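These notes concern the structure reproduced below.
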Protein chains: 2
Amino acid sequence: MGLSNISELRKREIVEAFYQTAIKEGLESTSIAKIAKTLEIQPSLIVHYFKSKDELITALIDHCLELYLKIFEKAYLSNEDPLEMLISLISSMFSKDWNDLFDDGVYYSAYAMVFREPSFREKFSKIHKELREKLSSLLKDCHDTKAINCNNPNETANRIFFLLDGTYFFINMLSTQKEQNEHLKQSKLLAFEMLGLKK
Amino acid sequence: MGLSNISELRKREIVEAFYQTAIKEGLESTSIAKIAKTLEIQPSLIVHYFKSKDELITALIDHCLELYLKIFEKAYLSNEDPLEMLISLISSMFSKDWNDLFDDGVYYSAYAMVFREPSFREKFSKIHKELREKLSSLLKDCHDTKAINCNNPNETANRIFFLLDGTYFFINMLSTQKEQNEHLKQSKLLAFEMLGLKK
DNA sequence: CAATAAATTGAATGGTTGTTCAATAAATAG
DNA sequence: CTATTTATTGAACAACCATTCAATTTATTG
């Protein structure tokens, strides 16, 4: 037990270094050697823990999922009422909190890989689905407690994510921070509208 | 004139080979050597036309813009009435036509670069803006001829692209083709709704 | 303490990267 | 036909790449 801890710790450390390096250099041009340099260890040690670069990327995507799930946990833990949880969650999703969680460049690079590597597609789809299902489940709770009227939580959750994906893709094409914030705000309002909440 | 034609032709050829190779191998791992191999020429010849790899990527993004603009031209040329143009354009945008125009993997890879390289961001933003403005201009024509009611063409165009970006990001996270088509269809209906057209 | 297993190093491998440069082939112009 | 410009080749460069493997250090166990 104490043994595998060291191993798991190292793995986490490597994935974190991978992520940090990828932010600066780009996901695809982050080499094992560069990760090793960041950690001041030998490249061969990384290979010892991750047999291939693909394994590293898979681990990074998992790491990403964990981060996103924390936003959900936070909304759950800091509220008691399902409706309050929902409001807190949607507010987080359409705010800097969500956007700053994971580096955009790394995220879209990983997303781009989906089109060439089926195993990445599976992994990435799974994250997306898991997050949608989490939201769907919360929507169902809100519906059951008559806090909102939502007959098809699955579809509604899909539409929220739909809006979310579009929002973040779009705002990065806007030049000024001011424009970006304005659009993010509008999207948040639209999301609350979709849920029948004025806020 | 005849001279620079050869030069321009070669440049186009190289960009096309770059694109084709990027589809298979990924944008970031497409090297000058690989492009040269595809064209059966020397790597140094590519360097002769494009001083750096960044120049090549910039040219590829321009190539991408040209392709998207063709969809607009097609809608303009095959219709006389602004409203018909609009209906034809929206139909194209929310269909396979639009999605098949440029490889998703290459597109999102280029998009990811935006976050690390300011010059790419500028280039990419310009494409996005140019397309939005094209649509906005058409919306204005439709409003002026009283075909639709659209007081703020700019904002409406933004929302259409907003929906478009979200749609294509989202549907690639769905596993089956059937689900993807279903969502694309729904988005198209939503777009027409946003324009006050039932279709 | 001794034996075993895991973590880590360091060197070596063969291949690929972007870029430079002089030499050659082809096209253009006077 | 000659001079000049342009297109293209081919070789060389040092830097970096992922991966391998035996040697060594460190930790765990009996």
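Order determines the names: the first chain of the structure tokens is A, the second B, and so forth; residues in each chain are numbered 1 upward, and ligands are numbered 1 upward as they are shown.
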- Please identify all polymer residues within 12 Å of region 8-25 of chain C, counting only C-alpha atoms (C1' of nucleotides), omitting same-chain residues fewer than 5 positions from it, and present them as an MDAnalysis selection string. (chainID A and resid 10 29 40:49) or (chainID B and resid 29:34 43:48 50:54) or (chainID D and resid 6:27)
Sorted by chain and rising residue number, which residues of chain B lie within 7 Å of chain A, and what are their closest atom pairs and distances in Å to one decimal, counting only C-alpha atoms, as a Markdown table?
| residue | atom | partner | partner_atom | distance |
| --- | --- | --- | --- | --- |
| B:Glu28 | CA | A:Glu28 | CA | 6.3 |
| B:Asp104 | CA | A:Phe115 | CA | 6.9 |
| B:Gly105 | CA | A:Ala112 | CA | 4.6 |
| B:Tyr108 | CA | A:Ala112 | CA | 5.1 |
| B:Ser109 | CA | A:Ala112 | CA | 5.4 |
| B:Ala112 | CA | A:Gly105 | CA | 4.6 |
| B:Met113 | CA | A:Gly105 | CA | 6.5 |
| B:Phe115 | CA | A:Gly105 | CA | 5.2 |
| B:Ser125 | CA | A:Met173 | CA | 4.9 |
| B:His128 | CA | A:Met173 | CA | 6.9 |
| B:Phe162 | CA | A:Gly166 | CA | 5.3 |
| B:Leu163 | CA | A:Gly166 | CA | 6.1 |
| B:Asp165 | CA | A:Gly166 | CA | 4.9 |
| B:Gly166 | CA | A:Gly166 | CA | 3.3 |
| B:Thr167 | CA | A:Phe162 | CA | 6.4 |
| B:Phe169 | CA | A:Asp165 | CA | 6.5 |
| B:Phe170 | CA | A:Phe162 | CA | 6.0 |
| B:Met173 | CA | A:Ser125 | CA | 4.9 |
| B:Leu174 | CA | A:Ser125 | CA | 6.8 |
- To one decimal place, how far is CA of Ala59 (chain B) from CA of Phe120 (chain B) in Å?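 Distance between the two atoms: 10.7 Å.
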- Task: Would you list, as number ranges by chain, the residues of chain B that end up in alpha helix (DSSP H) under DSSP run on this structure's backbone?
- Result: B: 2-25, 32-39, 43-49, 53-77, 82-93, 96-101, 104-113, 118-144, 153-171, 177-194
- Message: List as an MDAnalysis selection string the protein and nucleic acid residues near region 88-91 of chain B, meaning an atom at most 8 Å away when only C-alpha atoms (C1' of nucleotides) are counted, but skip any in the same chain fewer than 6 places from it.
- Response: chainID B and resid 71:72 75 188 191:192
Same residues, all heavy atoms, saved as a PDB file, in the first residue's frame:
ATOM      1  N   ILE B  71     -18.680  28.597 -49.999  1.00  0.00           N
ATOM      2  CA  ILE B  71     -20.050  28.236 -49.617  1.00  0.00           C
ATOM      3  C   ILE B  71     -20.953  29.464 -49.730  1.00  0.00           C
ATOM      4  O   ILE B  71     -22.097  29.375 -50.165  1.00  0.00           O
ATOM      5  CB  ILE B  71     -20.093  27.687 -48.175  1.00  0.00           C
ATOM      6  CG1 ILE B  71     -19.376  26.350 -48.089  1.00  0.00           C
ATOM      7  CG2 ILE B  71     -21.545  27.568 -47.694  1.00  0.00           C
ATOM      8  CD1 ILE B  71     -20.248  25.146 -47.875  1.00  0.00           C
ATOM      9  N   PHE B  72     -20.415  30.601 -49.342  1.00  0.00           N
ATOM     10  CA  PHE B  72     -21.179  31.846 -49.446  1.00  0.00           C
ATOM     11  C   PHE B  72     -21.437  32.180 -50.916  1.00  0.00           C
ATOM     12  O   PHE B  72     -22.566  32.456 -51.311  1.00  0.00           O
ATOM     13  CB  PHE B  72     -20.415  32.992 -48.772  1.00  0.00           C
ATOM     14  CG  PHE B  72     -20.560  33.010 -47.287  1.00  0.00           C
ATOM     15  CD1 PHE B  72     -19.771  32.208 -46.480  1.00  0.00           C
ATOM     16  CD2 PHE B  72     -21.519  33.815 -46.687  1.00  0.00           C
ATOM     17  CE1 PHE B  72     -19.912  32.215 -45.103  1.00  0.00           C
ATOM     18  CE2 PHE B  72     -21.665  33.836 -45.308  1.00  0.00           C
ATOM     19  CZ  PHE B  72     -20.857  33.030 -44.525  1.00  0.00           C
ATOM     20  N   ALA B  75     -24.106  30.113 -52.471  1.00  0.00           N
ATOM     21  CA  ALA B  75     -25.459  30.537 -52.078  1.00  0.00           C
ATOM     22  C   ALA B  75     -25.861  31.806 -52.829  1.00  0.00           C
ATOM     23  O   ALA B  75     -27.021  31.984 -53.198  1.00  0.00           O
ATOM     24  CB  ALA B  75     -25.526  30.760 -50.577  1.00  0.00           C
ATOM     25  N   LYS B 188     -30.257  23.234 -37.063  1.00  0.00           N
ATOM     26  CA  LYS B 188     -30.685  23.956 -38.253  1.00  0.00           C
ATOM     27  C   LYS B 188     -32.063  24.580 -38.008  1.00  0.00           C
ATOM     28  O   LYS B 188     -32.288  25.765 -38.317  1.00  0.00           O
ATOM     29  CB  LYS B 188     -30.737  23.013 -39.458  1.00  0.00           C
ATOM     30  CG  LYS B 188     -30.886  23.748 -40.785  1.00  0.00           C
ATOM     31  CD  LYS B 188     -31.219  22.817 -41.932  1.00  0.00           C
ATOM     32  CE  LYS B 188     -29.999  22.047 -42.393  1.00  0.00           C
ATOM     33  NZ  LYS B 188     -30.240  21.331 -43.671  1.00  0.00           N
ATOM     34  N   ALA B 191     -31.744  27.509 -35.805  1.00  0.00           N
ATOM     35  CA  ALA B 191     -31.190  28.656 -36.535  1.00  0.00           C
ATOM     36  C   ALA B 191     -32.292  29.374 -37.316  1.00  0.00           C
ATOM     37  O   ALA B 191     -32.389  30.610 -37.272  1.00  0.00           O
ATOM     38  CB  ALA B 191     -30.088  28.191 -37.478  1.00  0.00           C
ATOM     39  N   PHE B 192     -33.117  28.606 -37.991  1.00  0.00           N
ATOM     40  CA  PHE B 192     -34.227  29.209 -38.745  1.00  0.00           C
ATOM     41  C   PHE B 192     -35.204  29.909 -37.807  1.00  0.00           C
ATOM     42  O   PHE B 192     -35.727  30.978 -38.129  1.00  0.00           O
ATOM     43  CB  PHE B 192     -34.945  28.156 -39.590  1.00  0.00           C
ATOM     44  CG  PHE B 192     -34.245  27.863 -40.890  1.00  0.00           C
ATOM     45  CD1 PHE B 192     -33.752  26.591 -41.164  1.00  0.00           C
ATOM     46  CD2 PHE B 192     -34.090  28.860 -41.849  1.00  0.00           C
ATOM     47  CE1 PHE B 192     -33.097  26.330 -42.362  1.00  0.00           C
ATOM     48  CE2 PHE B 192     -33.444  28.595 -43.051  1.00  0.00           C
ATOM     49  CZ  PHE B 192     -32.941  27.333 -43.312  1.00  0.00           C
TER      50      PHE B 192
END
- Task: Measure the distance from CA of Leu190 (chain B) to CA of His143 (chain A) in Å and round it to one decimal.
- Result: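 Calculated distance between CA of Leu190 (chain B) and CA of His143 (chain A) is 24.5 Å.
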- Message: Report, in Å with one decimal, the straight-line distance from CA of Leu138 (chain A) to CA of Glu84 (chain A).
- Response: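 Computing it gives 10.6 Å between the two atoms.
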